[in-house]
Amino acid sequence: MRLTLVRRERASRLAMFAAPVVALVLSALASLILFAALGKPAEQALYSLLLEPFLSWYNFSEVLLKAAPLMLIAQGLAVGFRANVFNIGAEGQLIIGAIAATALPVWYPAGTSVWMLPAMIAMGALGGMAWAGVAALLKTRFNANEILVTLMLTLIATQVLNYLLLGPWKDPHGFNFPQTVPFPAAAMLPVLLPGTRVNISLIGALIASVLAYVMMRHRFSGFQLLVSGLAPRAASYAGFSERRGIWVSLLVGGMAAGLAGACEVAGPLGQLQRSVTTGYGYAAIIVAYLGGLNPLGIVASALLMSVLYIGGDNAMVSADLPVAGVAVFQGLLLVFYLASLTFIRNRVVLIRRPGAAR
Amino acid sequence: MSQGPTPLLSLSGVSKRYGGVVANSGIDLAVTAGSIHAILGENGAGKSTLMKLIYGVETPDDGVIAWKGQPVRLSSPAAARRLGIGMVFQHFSLFETLTVVQNMALVVPGAQAALAARIRALGDEFGLSVDPAALVHSLSVGERQRVEIIRCLLLDPELLILDEPTSVLPPQSVVKLFETLRRLQVKGMAILFISHKLEEIKELCDTATILRLGRVTGRLDPRNHSAKELATLMIGREMPAVVRAAPLGLGEVRLELAGVGYANDDPFGVSLSDVSLAVHSGEIVGIAGISGNGQQELAALISGEIAQGAAPGAIRLLGQAVGDMGVAARRRLGFAFVPEERLGRGAVPEMSLADNVLLTAHGRGLVHRGFISRQAERAFTADCIARFDVRTPGPETEAGALSGGNLQKFIMGREVMLEPAMLLVSQPTWGVDIGAATDIRQRLVAMRNQGVAILVISEEIDELFQICDTLHVLYKGRLSAALPTASITVNEVGAHMIGAGQPAGAVP
């Protein structure tokens with residue numbers, strides 16, 4: 001007798017929902033062993049990592065706060081990923097979006113116009129699109145690999161951020177800290193849940209999720225992107241423009257990251273500072289794949305990733321877990337999830353020895 | 001079955017299921033040494049599955065496979081080879097950048113010099129002449145097939161399986177292949193010959209096992225039966241009548257290539273030079289030739305998938321110069337195309353049939369203001385499935401789950417339903433069973449009679465003779481002059497296919 005995998009005629013719905021759960025359980029078990037081997041209180045670590053984020057209103061509100069940018073960026077990136085356009089530089093697009101949005105409060109530090117915030121959001125989106133557009137231009141013009149270009153543009157964006165914060169945009173009253181002036185009230189996102197830091201960008205991220213769903217499921221343009229991702233030769237056979245697909249993919253991803261950047265500075269930060277680059281742009285890649293590149297799945301995976309962020313902070317304090325321990329848990333989760341994906345497309349079959357059945 | 005000597009290979013009650021589909025059901029088969037045994041069946045009848053079971057690629061769900069009377073368990077092709085079973089696949093598995101002897105050395109132990117000597121000896125003995133030092137990419141298809149056969153023979157098999165070996169060969173090479181197989185038979189080797197070409201089987205084989213819908217429907221000596229009887233057993237009804245295209249008055253020119261050239265960047269690809277042809281309304285023009293002589297490149301140039309750029313010559317489609325026009329713009333003019341690759345080009349395997357309809361039929365009311373109309377999409381798909389007899393559970397089935405023939409009917413149907421003014425069809429009946437192939441040919445002729453201009457690229461000469469008004473032969477990137485099908489013979493076309501034709505214009 002032996003086990004073998006047989007391809008299913010259709011992807012299994014049950015497995016689609018079960019795969020992330022199984023992955024979560026397996027990574028919990030694996031990390032229990034790992035943490036125990038490190039001599040850390042394993043149960044305490046898991047408790048902090050997975051449960052504490054839900055046990056107090058403050059913790060949970062922080063989960064929602066972090067979920068918003070992750071969700072937004074991941075939705076944007078997933079559009080491109082499904083078309084096999086790999087924008088790895090959302091972090092850089094986020095930084096440029098944050099910088100573009102910050103320009104207004106820096107130039108009008110006492111501004112009170114109601115148009116200030118909408119204009120900042122728009123500039124953030126445009127900034128992110130422009131940064132991603134560079135990669136699209138180089139890809140369509142010179143066939144430059146977008147993975148490398150977007151990644152390298154992130155390094156440049158970081159240097160632009162450093163230059164501005166240490167030079168022209170440094171707050172003159174900021175005790176020489178590398179940060180801009182604090183934003184005026186008119187430049188801040190309204191708080192959504194009173195008493196917490198959760199702002200209306202969460203609503204924006206959910207709206208983006210709905211839009212992404214509509215685009216990928218009901219719009220012809222989304223269908224064209226899916227085809228170019230699944231079967232590039234079929235896309236070319238049908239006459240779908242590859243160039244257009246690259247532009248749309250990168251601009252949508254760049255816009256989402258730029259918006260997230262604008263929402264960070266106009267939200268929890270309240271000014272532009274170096275901590276705007278905390279790795280959301282990279283984490284969103286994991287979020288996008290963990291969510292199966294599915295708009296609904298991404299809502300769930302953004303929340304999960306956010307739980308791990310908050311829980312990871314807790315675990316470092318309460319269980320003395322090293323920073324790497326948290327990263328290892330995230331890695332385990334991704335690996336187990338990718339492994340369990342196999343069962344969505346395949347099923348396990350027990351093969352009896354032929355002839356022995358008689 | 002127990003009388004006479006023990007058969008070399010015997011199967012009893014062998015079954016194999018894939019999901020809900022029964023590919024083989026209760027198959028009994030006995031192959032004796034020194035016999036050329038035909039496995040005859042339509043596409044999807046279970047021939048390939050049966051061969052995979054015998055060659056150890058798949059294991060049966062039920063039943064017993066016996067080798068020289070002993071039950072055996074074939075868990076891998078390596079196990080089958082150890083017993084003495086060799087197989088030549090339809091699609092060759094050779095490394096093009098290596099020489100013949102290097103390819104052999106990958107599977108056969110021994111020094112290359114000794115191997116080369118054995119290759120020559122086998123070549124002399126069985127009429128399989130091939131240069132051991134030649135690079136595989138420089139060989140013709142017929143030579144590559146010989147290399148595959150020699151590679152099997154080097155392992156001293158007692159049973160040789162050949163999967164549709166003649167489908168890739170020009171007529172002259174088929175004759176040579178049959179000589180080789182007869183010499184092997186005389187040596188006492190058993191040969192399993194898979195085919196759906198009835199005349200070949202009558203000519204070559206001494207036993208035939210006929211499969212239909214995964215079951216054995218006949219076991220007979222094909223020499224004693226007419227092709228019609230064999231066909232009836234194979235497809236379960238009378239063979240459809242062969243259509244004969246009546247001459248029709250020609251309309252305006254719908255596709256014209258004037259001295260088109262194309263330099264291929266791919267060192268293993270084919271470059272085209274000075275290709276000229278014209279297709280009129282109400283005419284079917286055929287392009288004969290063995291695959292790999294520039295067919296793919298020519299089709300992609302006409303469809304727009306290869307941009308012509310600054311290459312020489314002009315392509316005019318439906319009255320317009322389309323040199324700088326993309327695929328989508330050409331389709332909007334009224335051009336439709338059925339490519340030879342179905343999965344990954346003509347259809348997206350992971351998508352449903354309904355979504356695959358959207359691929360090229362989106363302009364036919366299936367998209368409103370950028371939104372996909374699922375209702376219209378489903379209706380179009382259901383219509384296509386019904387009209388073109390696509391055997392599938394429904395529009396939601398993934399294209400990858402369809403058999404090759406069914407998928408071809410679906411793609412063909414989709415493109416025909418676009419009501420094109422100019423239709424390009426590449427290999428319309430590759431891997432399609434006789435019934436469906438006849439149906440496809442009949443539809444092409446019907447479209448022609450309604451005034452559609454059709455260009456058919458095919459390896460099957462008989463098919464081209466059946467439906468075409470004019471033929472060209474493509475050989476090494478050069479296209480012959482137009483040959484009217486009414487006044488030439490299959491052998492003349494065959495000569496062009498291997499480059500032995502007279503120069504253009506000098507055809508008698």
# chains A, B, ... in the order shown; residues from 1 in each chain; ligands from 1
>>> interface_residues(of="chain A", to="chain B", cutoff="6 Å", atoms="only C-alpha atoms", output="ChimeraX atom specification")
/A:218-220,231,233-234,238-239,354-355
>>> residues_around(residues="range 316-330 of chain A", least_positions_apart="4", cutoff="7 Å", atoms="only C-alpha atoms", output="mmCIF file with N, CA and C atoms, in the first residue's frame")
data_model
loop_
_atom_site.group_PDB
_atom_site.id
_atom_site.type_symbol
_atom_site.label_atom_id
_atom_site.label_comp_id
_atom_site.auth_asym_id
_atom_site.auth_seq_id
_atom_site.Cartn_x
_atom_site.Cartn_y
_atom_site.Cartn_z
ATOM 1 N N SER A 27 2.123 25.222 12.449
ATOM 2 C CA SER A 27 3.197 26.139 12.832
ATOM 3 C C SER A 27 3.190 26.373 14.340
ATOM 4 N N SER A 31 6.466 25.517 16.465
ATOM 5 C CA SER A 31 7.140 26.552 17.247
ATOM 6 C C SER A 31 7.142 26.196 18.737
ATOM 7 N N LYS A 40 12.740 28.593 26.235
ATOM 8 C CA LYS A 40 11.784 29.649 26.546
ATOM 9 C C LYS A 40 10.464 29.013 26.967
ATOM 10 N N PRO A 41 9.676 29.707 27.750
ATOM 11 C CA PRO A 41 8.362 29.163 28.114
ATOM 12 C C PRO A 41 7.462 29.113 26.879
ATOM 13 N N GLN A 44 3.666 29.952 27.146
ATOM 14 C CA GLN A 44 3.504 31.386 27.381
ATOM 15 C C GLN A 44 3.725 32.159 26.078
ATOM 16 N N ALA A 45 4.723 31.737 25.315
ATOM 17 C CA ALA A 45 5.030 32.423 24.069
ATOM 18 C C ALA A 45 3.858 32.331 23.104
ATOM 19 N N GLY A 312 3.575 39.170 18.689
ATOM 20 C CA GLY A 312 5.024 39.040 18.716
ATOM 21 C C GLY A 312 5.645 40.047 19.679
ATOM 22 N N LEU A 334 4.091 30.504 6.726
ATOM 23 C CA LEU A 334 4.056 30.596 5.267
ATOM 24 C C LEU A 334 4.425 29.255 4.629
#
>>> residues_around(residues="range 426-430 of chain B", least_positions_apart="3", cutoff="9 Å", atoms="only C-alpha atoms", output="count of residues only")
27
>>> residues_around(residues="range 6-9 of chain B", least_positions_apart="6", cutoff="10 Å", atoms="only C-alpha atoms", output="list in words")
Leu29, Ala30, Val31, Thr32, Ala33, Gly34, Ile54, Ile65, Ala66, Trp67, Lys68, Gly69, Gln70, Pro71, Ile85, Glu158, Leu159, Met189 and Ala190 of chain B
>>> write_last_selection(atoms="N, CA and C atoms", output="PDB file, in the first residue's frame")
ATOM      1  N   LEU B  29      -6.210  -8.758 -22.620  1.00  0.00           N
ATOM      2  CA  LEU B  29      -5.349  -8.586 -23.781  1.00  0.00           C
ATOM      3  C   LEU B  29      -4.261  -9.642 -23.720  1.00  0.00           C
ATOM      4  N   ALA B  30      -3.943 -10.238 -24.874  1.00  0.00           N
ATOM      5  CA  ALA B  30      -2.839 -11.191 -24.905  1.00  0.00           C
ATOM      6  C   ALA B  30      -1.968 -10.880 -26.111  1.00  0.00           C
ATOM      7  N   VAL B  31      -0.680 -10.656 -25.857  1.00  0.00           N
ATOM      8  CA  VAL B  31       0.251 -10.339 -26.933  1.00  0.00           C
ATOM      9  C   VAL B  31       1.258 -11.469 -27.018  1.00  0.00           C
ATOM     10  N   THR B  32       1.379 -12.084 -28.204  1.00  0.00           N
ATOM     11  CA  THR B  32       2.317 -13.192 -28.347  1.00  0.00           C
ATOM     12  C   THR B  32       3.593 -12.708 -29.037  1.00  0.00           C
ATOM     13  N   ALA B  33       4.679 -13.424 -28.818  1.00  0.00           N
ATOM     14  CA  ALA B  33       5.950 -13.066 -29.439  1.00  0.00           C
ATOM     15  C   ALA B  33       5.819 -13.169 -30.951  1.00  0.00           C
ATOM     16  N   GLY B  34       6.517 -12.268 -31.661  1.00  0.00           N
ATOM     17  CA  GLY B  34       6.510 -12.316 -33.109  1.00  0.00           C
ATOM     18  C   GLY B  34       5.235 -11.804 -33.736  1.00  0.00           C
ATOM     19  N   ILE B  54       0.764  -0.698 -19.044  1.00  0.00           N
ATOM     20  CA  ILE B  54       1.701  -1.746 -19.462  1.00  0.00           C
ATOM     21  C   ILE B  54       3.142  -1.271 -19.277  1.00  0.00           C
ATOM     22  N   ILE B  65      -1.712  -8.043 -14.491  1.00  0.00           N
ATOM     23  CA  ILE B  65      -0.844  -7.999 -15.662  1.00  0.00           C
ATOM     24  C   ILE B  65       0.171  -9.134 -15.494  1.00  0.00           C
ATOM     25  N   ALA B  66       0.270  -9.985 -16.513  1.00  0.00           N
ATOM     26  CA  ALA B  66       1.218 -11.099 -16.416  1.00  0.00           C
ATOM     27  C   ALA B  66       2.239 -11.015 -17.541  1.00  0.00           C
ATOM     28  N   TRP B  67       3.473 -11.303 -17.209  1.00  0.00           N
ATOM     29  CA  TRP B  67       4.578 -11.311 -18.177  1.00  0.00           C
ATOM     30  C   TRP B  67       5.080 -12.734 -18.271  1.00  0.00           C
ATOM     31  N   LYS B  68       4.979 -13.346 -19.428  1.00  0.00           N
ATOM     32  CA  LYS B  68       5.342 -14.744 -19.623  1.00  0.00           C
ATOM     33  C   LYS B  68       4.632 -15.642 -18.613  1.00  0.00           C
ATOM     34  N   GLY B  69       3.386 -15.319 -18.354  1.00  0.00           N
ATOM     35  CA  GLY B  69       2.591 -16.161 -17.469  1.00  0.00           C
ATOM     36  C   GLY B  69       2.684 -15.829 -16.002  1.00  0.00           C
ATOM     37  N   GLN B  70       3.673 -15.032 -15.608  1.00  0.00           N
ATOM     38  CA  GLN B  70       3.835 -14.692 -14.197  1.00  0.00           C
ATOM     39  C   GLN B  70       3.221 -13.330 -13.906  1.00  0.00           C
ATOM     40  N   PRO B  71       2.349 -13.220 -12.892  1.00  0.00           N
ATOM     41  CA  PRO B  71       1.811 -11.897 -12.534  1.00  0.00           C
ATOM     42  C   PRO B  71       2.952 -10.964 -12.129  1.00  0.00           C
ATOM     43  N   ILE B  85      10.310  -4.459 -21.699  1.00  0.00           N
ATOM     44  CA  ILE B  85       9.290  -3.696 -22.411  1.00  0.00           C
ATOM     45  C   ILE B  85       9.877  -2.333 -22.765  1.00  0.00           C
ATOM     46  N   GLU B 158      11.726  -7.322 -25.440  1.00  0.00           N
ATOM     47  CA  GLU B 158      10.975  -8.385 -26.121  1.00  0.00           C
ATOM     48  C   GLU B 158       9.639  -7.869 -26.604  1.00  0.00           C
ATOM     49  N   LEU B 159       9.242  -6.719 -26.028  1.00  0.00           N
ATOM     50  CA  LEU B 159       7.984  -6.098 -26.450  1.00  0.00           C
ATOM     51  C   LEU B 159       8.259  -4.620 -26.682  1.00  0.00           C
ATOM     52  N   MET B 189      10.267 -10.358 -32.074  1.00  0.00           N
ATOM     53  CA  MET B 189       9.818  -9.334 -31.141  1.00  0.00           C
ATOM     54  C   MET B 189       8.312  -9.127 -31.266  1.00  0.00           C
ATOM     55  N   ALA B 190       7.684  -8.848 -30.126  1.00  0.00           N
ATOM     56  CA  ALA B 190       6.268  -8.494 -30.151  1.00  0.00           C
ATOM     57  C   ALA B 190       6.168  -6.973 -30.213  1.00  0.00           C
TER      58      ALA B 190
END
>>> residues_around(residues="Gly229 in chain A", least_positions_apart="4", cutoff="9 Å", atoms="only C-alpha atoms", output="VMD selection string")
chain A and resid 80 to 85 224 to 225 235
>>> write_last_selection(atoms="all heavy atoms", output="PDB file, in the first residue's frame")
ATOM      1  N   GLY A  80      -1.331  42.395  -9.125  1.00  0.00           N
ATOM      2  CA  GLY A  80      -0.176  42.161  -9.977  1.00  0.00           C
ATOM      3  C   GLY A  80       0.338  40.735  -9.898  1.00  0.00           C
ATOM      4  O   GLY A  80       0.691  40.138 -10.905  1.00  0.00           O
ATOM      5  N   PHE A  81       0.347  40.181  -8.680  1.00  0.00           N
ATOM      6  CA  PHE A  81       0.878  38.824  -8.519  1.00  0.00           C
ATOM      7  C   PHE A  81       0.081  37.833  -9.364  1.00  0.00           C
ATOM      8  O   PHE A  81       0.631  36.894  -9.923  1.00  0.00           O
ATOM      9  CB  PHE A  81       0.839  38.384  -7.049  1.00  0.00           C
ATOM     10  CG  PHE A  81       1.836  39.117  -6.178  1.00  0.00           C
ATOM     11  CD1 PHE A  81       1.723  39.104  -4.800  1.00  0.00           C
ATOM     12  CD2 PHE A  81       2.879  39.828  -6.745  1.00  0.00           C
ATOM     13  CE1 PHE A  81       2.631  39.774  -4.002  1.00  0.00           C
ATOM     14  CE2 PHE A  81       3.794  40.513  -5.958  1.00  0.00           C
ATOM     15  CZ  PHE A  81       3.669  40.484  -4.579  1.00  0.00           C
ATOM     16  N   ARG A  82      -1.236  38.047  -9.439  1.00  0.00           N
ATOM     17  CA  ARG A  82      -2.050  37.115 -10.226  1.00  0.00           C
ATOM     18  C   ARG A  82      -1.744  37.239 -11.702  1.00  0.00           C
ATOM     19  O   ARG A  82      -2.023  36.331 -12.476  1.00  0.00           O
ATOM     20  CB  ARG A  82      -3.528  37.338  -9.946  1.00  0.00           C
ATOM     21  CG  ARG A  82      -3.862  37.033  -8.499  1.00  0.00           C
ATOM     22  CD  ARG A  82      -5.324  36.959  -8.261  1.00  0.00           C
ATOM     23  NE  ARG A  82      -5.896  35.745  -8.804  1.00  0.00           N
ATOM     24  CZ  ARG A  82      -7.111  35.331  -8.500  1.00  0.00           C
ATOM     25  NH1 ARG A  82      -7.850  36.013  -7.664  1.00  0.00           N
ATOM     26  NH2 ARG A  82      -7.585  34.228  -9.031  1.00  0.00           N
ATOM     27  N   ALA A  83      -1.185  38.379 -12.105  1.00  0.00           N
ATOM     28  CA  ALA A  83      -0.793  38.545 -13.508  1.00  0.00           C
ATOM     29  C   ALA A  83       0.687  38.251 -13.703  1.00  0.00           C
ATOM     30  O   ALA A  83       1.255  38.587 -14.742  1.00  0.00           O
ATOM     31  CB  ALA A  83      -1.110  39.960 -13.969  1.00  0.00           C
ATOM     32  N   ASN A  84       1.320  37.638 -12.683  1.00  0.00           N
ATOM     33  CA  ASN A  84       2.757  37.318 -12.740  1.00  0.00           C
ATOM     34  C   ASN A  84       3.619  38.563 -12.888  1.00  0.00           C
ATOM     35  O   ASN A  84       4.653  38.523 -13.546  1.00  0.00           O
ATOM     36  CB  ASN A  84       3.063  36.358 -13.891  1.00  0.00           C
ATOM     37  CG  ASN A  84       2.837  34.926 -13.476  1.00  0.00           C
ATOM     38  OD1 ASN A  84       2.474  34.670 -12.322  1.00  0.00           O
ATOM     39  ND2 ASN A  84       3.020  34.015 -14.397  1.00  0.00           N
ATOM     40  N   VAL A  85       3.176  39.665 -12.326  1.00  0.00           N
ATOM     41  CA  VAL A  85       4.017  40.858 -12.260  1.00  0.00           C
ATOM     42  C   VAL A  85       4.377  41.017 -10.792  1.00  0.00           C
ATOM     43  O   VAL A  85       3.517  41.257  -9.952  1.00  0.00           O
ATOM     44  CB  VAL A  85       3.274  42.105 -12.776  1.00  0.00           C
ATOM     45  CG1 VAL A  85       4.141  43.342 -12.604  1.00  0.00           C
ATOM     46  CG2 VAL A  85       2.900  41.916 -14.234  1.00  0.00           C
ATOM     47  N   GLN A 224      -8.450  39.716 -17.834  1.00  0.00           N
ATOM     48  CA  GLN A 224      -7.271  39.757 -18.711  1.00  0.00           C
ATOM     49  C   GLN A 224      -5.988  39.556 -17.904  1.00  0.00           C
ATOM     50  O   GLN A 224      -5.077  38.852 -18.338  1.00  0.00           O
ATOM     51  CB  GLN A 224      -7.214  41.096 -19.447  1.00  0.00           C
ATOM     52  CG  GLN A 224      -8.313  41.245 -20.487  1.00  0.00           C
ATOM     53  CD  GLN A 224      -8.238  42.564 -21.218  1.00  0.00           C
ATOM     54  OE1 GLN A 224      -8.031  43.609 -20.618  1.00  0.00           O
ATOM     55  NE2 GLN A 224      -8.418  42.527 -22.518  1.00  0.00           N
ATOM     56  N   LEU A 225      -5.952  40.183 -16.709  1.00  0.00           N
ATOM     57  CA  LEU A 225      -4.762  40.024 -15.866  1.00  0.00           C
ATOM     58  C   LEU A 225      -4.615  38.569 -15.418  1.00  0.00           C
ATOM     59  O   LEU A 225      -3.522  38.011 -15.414  1.00  0.00           O
ATOM     60  CB  LEU A 225      -4.845  40.931 -14.639  1.00  0.00           C
ATOM     61  CG  LEU A 225      -4.699  42.428 -14.916  1.00  0.00           C
ATOM     62  CD1 LEU A 225      -4.931  43.214 -13.646  1.00  0.00           C
ATOM     63  CD2 LEU A 225      -3.316  42.742 -15.472  1.00  0.00           C
ATOM     64  N   ALA A 235      -2.942  34.660 -23.396  1.00  0.00           N
ATOM     65  CA  ALA A 235      -3.211  36.096 -23.389  1.00  0.00           C
ATOM     66  C   ALA A 235      -2.752  36.719 -24.701  1.00  0.00           C
ATOM     67  O   ALA A 235      -3.458  37.543 -25.288  1.00  0.00           O
ATOM     68  CB  ALA A 235      -2.498  36.751 -22.207  1.00  0.00           C
TER      69      ALA A 235
END
>>> closest_residue(among="A:Gln271, A:Gln93, A:Ser209, A:Thr150", to="Trp169 in chain A", atoms="only C-alpha atoms")
A:Gln271
>>> residues_around(residues="Glu143 in chain B", least_positions_apart="6", cutoff="9 Å", atoms="only C-alpha atoms", output="PyMOL selection string")
chain B and resi 128-130+136
>>> write_last_selection(atoms="N, CA, C and O atoms", output="compact mmCIF listing (two decimals), in the first residue's frame")
# COMPACT_ATOMS: atom_id res chain seq x y z
N LEU B 128 17.52 1.15 -39.87
CA LEU B 128 17.32 2.34 -39.07
C LEU B 128 18.56 3.24 -39.18
O LEU B 128 19.18 3.58 -38.19
N SER B 129 18.89 3.61 -40.39
CA SER B 129 20.16 4.32 -40.56
C SER B 129 20.09 5.71 -39.94
O SER B 129 19.18 6.47 -40.20
N VAL B 130 21.07 5.98 -39.08
CA VAL B 130 21.19 7.29 -38.48
C VAL B 130 22.65 7.47 -38.05
O VAL B 130 23.31 6.51 -37.65
N VAL B 136 21.06 16.04 -32.43
CA VAL B 136 19.66 15.68 -32.61
C VAL B 136 18.87 16.79 -33.30
O VAL B 136 18.00 16.54 -34.12
>>> closest_residue(among="A:Ala122, A:Leu193, A:Ile298, A:Leu332", to="Trp57 in chain A", atoms="only C-alpha atoms")
A:Leu193
>>> select_by_dssp(residues="range 22-242 of chain B", states="helix (DSSP H, G or I)", output="PyMOL selection string")
chain B and resi 47-54+77-83+100-105+112-126+136-138+141-153+165-168+171-186+198-204+222-224+227-235
>>> write_last_selection(atoms="C-alpha atoms", output="mmCIF file, in the first residue's frame")
data_model
loop_
_atom_site.group_PDB
_atom_site.id
_atom_site.type_symbol
_atom_site.label_atom_id
_atom_site.label_comp_id
_atom_site.auth_asym_id
_atom_site.auth_seq_id
_atom_site.Cartn_x
_atom_site.Cartn_y
_atom_site.Cartn_z
ATOM 1 C CA LYS B 47 -5.465 3.501 -25.574
ATOM 2 C CA SER B 48 -2.992 5.791 -23.864
ATOM 3 C CA THR B 49 -4.090 4.740 -20.398
ATOM 4 C CA LEU B 50 -3.673 1.085 -21.336
ATOM 5 C CA MET B 51 -0.147 1.713 -22.613
ATOM 6 C CA LYS B 52 0.708 3.644 -19.463
ATOM 7 C CA LEU B 53 -0.389 0.651 -17.409
ATOM 8 C CA ILE B 54 1.701 -1.746 -19.462
ATOM 9 C CA PRO B 77 8.828 2.478 -16.473
ATOM 10 C CA ALA B 78 12.210 1.321 -15.173
ATOM 11 C CA ALA B 79 10.576 -1.867 -13.877
ATOM 12 C CA ALA B 80 8.913 -2.379 -17.248
ATOM 13 C CA ARG B 81 12.222 -1.870 -19.047
ATOM 14 C CA ARG B 82 13.929 -4.417 -16.789
ATOM 15 C CA LEU B 83 11.337 -6.992 -17.846
ATOM 16 C CA VAL B 100 22.602 10.794 -30.967
ATOM 17 C CA VAL B 101 25.156 8.716 -29.105
ATOM 18 C CA GLN B 102 25.222 11.126 -26.155
ATOM 19 C CA ASN B 103 21.457 10.807 -25.891
ATOM 20 C CA MET B 104 21.785 7.028 -25.827
ATOM 21 C CA ALA B 105 24.563 7.121 -23.253
ATOM 22 C CA GLN B 112 30.306 5.895 -26.334
ATOM 23 C CA ALA B 113 32.500 4.357 -29.027
ATOM 24 C CA ALA B 114 31.039 0.892 -28.365
ATOM 25 C CA LEU B 115 27.564 2.400 -28.315
ATOM 26 C CA ALA B 116 28.124 4.102 -31.661
ATOM 27 C CA ALA B 117 29.149 0.763 -33.154
ATOM 28 C CA ARG B 118 26.016 -0.902 -31.776
ATOM 29 C CA ILE B 119 23.872 1.943 -33.138
ATOM 30 C CA ARG B 120 25.364 1.389 -36.594
ATOM 31 C CA ALA B 121 24.908 -2.371 -36.351
ATOM 32 C CA LEU B 122 21.269 -2.055 -35.320
ATOM 33 C CA GLY B 123 20.783 0.513 -38.054
ATOM 34 C CA ASP B 124 22.089 -1.912 -40.683
ATOM 35 C CA GLU B 125 20.134 -4.852 -39.354
ATOM 36 C CA PHE B 126 16.770 -3.133 -39.123
ATOM 37 C CA VAL B 136 19.659 15.678 -32.612
ATOM 38 C CA HIS B 137 18.367 19.135 -33.582
ATOM 39 C CA SER B 138 19.763 18.649 -37.074
ATOM 40 C CA VAL B 141 11.403 13.883 -37.441
ATOM 41 C CA GLY B 142 11.724 10.502 -39.102
ATOM 42 C CA GLU B 143 15.368 10.243 -38.027
ATOM 43 C CA ARG B 144 14.497 11.275 -34.488
ATOM 44 C CA GLN B 145 11.930 8.533 -34.355
ATOM 45 C CA ARG B 146 14.582 6.063 -35.499
ATOM 46 C CA VAL B 147 16.811 7.314 -32.694
ATOM 47 C CA GLU B 148 14.011 6.660 -30.216
ATOM 48 C CA ILE B 149 13.478 3.170 -31.591
ATOM 49 C CA ILE B 150 17.201 2.381 -31.513
ATOM 50 C CA ARG B 151 17.375 3.612 -27.929
ATOM 51 C CA CYS B 152 14.690 1.079 -27.045
ATOM 52 C CA LEU B 153 16.394 -1.699 -29.021
ATOM 53 C CA PRO B 165 4.236 6.417 -34.612
ATOM 54 C CA THR B 166 3.038 7.410 -38.067
ATOM 55 C CA SER B 167 1.256 10.591 -37.074
ATOM 56 C CA VAL B 168 4.479 12.576 -37.305
ATOM 57 C CA PRO B 171 4.272 9.029 -46.327
ATOM 58 C CA GLN B 172 7.716 7.938 -47.560
ATOM 59 C CA SER B 173 9.040 7.519 -44.014
ATOM 60 C CA VAL B 174 5.984 5.475 -43.034
ATOM 61 C CA VAL B 175 6.977 2.868 -45.611
ATOM 62 C CA LYS B 176 10.464 2.734 -44.130
ATOM 63 C CA LEU B 177 9.155 2.431 -40.592
ATOM 64 C CA PHE B 178 6.957 -0.491 -41.572
ATOM 65 C CA GLU B 179 9.940 -2.292 -43.113
ATOM 66 C CA THR B 180 11.829 -1.883 -39.864
ATOM 67 C CA LEU B 181 8.912 -3.183 -37.815
ATOM 68 C CA ARG B 182 8.556 -6.242 -40.046
ATOM 69 C CA ARG B 183 12.242 -7.037 -39.627
ATOM 70 C CA LEU B 184 11.846 -6.791 -35.865
ATOM 71 C CA GLN B 185 8.850 -9.085 -36.054
ATOM 72 C CA VAL B 186 10.861 -11.679 -37.941
ATOM 73 C CA LEU B 198 -7.236 1.852 -40.336
ATOM 74 C CA GLU B 199 -5.358 1.352 -43.601
ATOM 75 C CA GLU B 200 -2.011 1.212 -41.812
ATOM 76 C CA ILE B 201 -3.282 -1.363 -39.383
ATOM 77 C CA LYS B 202 -4.638 -3.534 -42.169
ATOM 78 C CA GLU B 203 -1.300 -3.313 -43.915
ATOM 79 C CA LEU B 204 0.959 -4.010 -40.948
ATOM 80 C CA PRO B 222 -7.424 -6.817 -39.368
ATOM 81 C CA ARG B 223 -6.274 -8.322 -42.657
ATOM 82 C CA ASN B 224 -9.566 -10.192 -42.914
ATOM 83 C CA ALA B 227 -11.676 -0.661 -42.987
ATOM 84 C CA LYS B 228 -15.353 0.072 -42.691
ATOM 85 C CA GLU B 229 -15.927 -2.860 -40.334
ATOM 86 C CA LEU B 230 -12.982 -1.814 -38.198
ATOM 87 C CA ALA B 231 -14.279 1.747 -38.038
ATOM 88 C CA THR B 232 -17.730 0.597 -37.027
ATOM 89 C CA LEU B 233 -16.269 -1.409 -34.143
ATOM 90 C CA MET B 234 -14.100 1.524 -33.202
ATOM 91 C CA ILE B 235 -16.681 4.289 -33.135
#
>>> select_by_dssp(residues="range 175-315 of chain A", states="strand (DSSP E or B)", output="list of chain:residue names")
A:Gln179, A:Val191, A:Asn199, A:Arg219, A:Gln273
>>> atom_distance(atom1="CA of Gly56 in chain B", atom2="CA of Leu213 in chain B")
21.5 Å
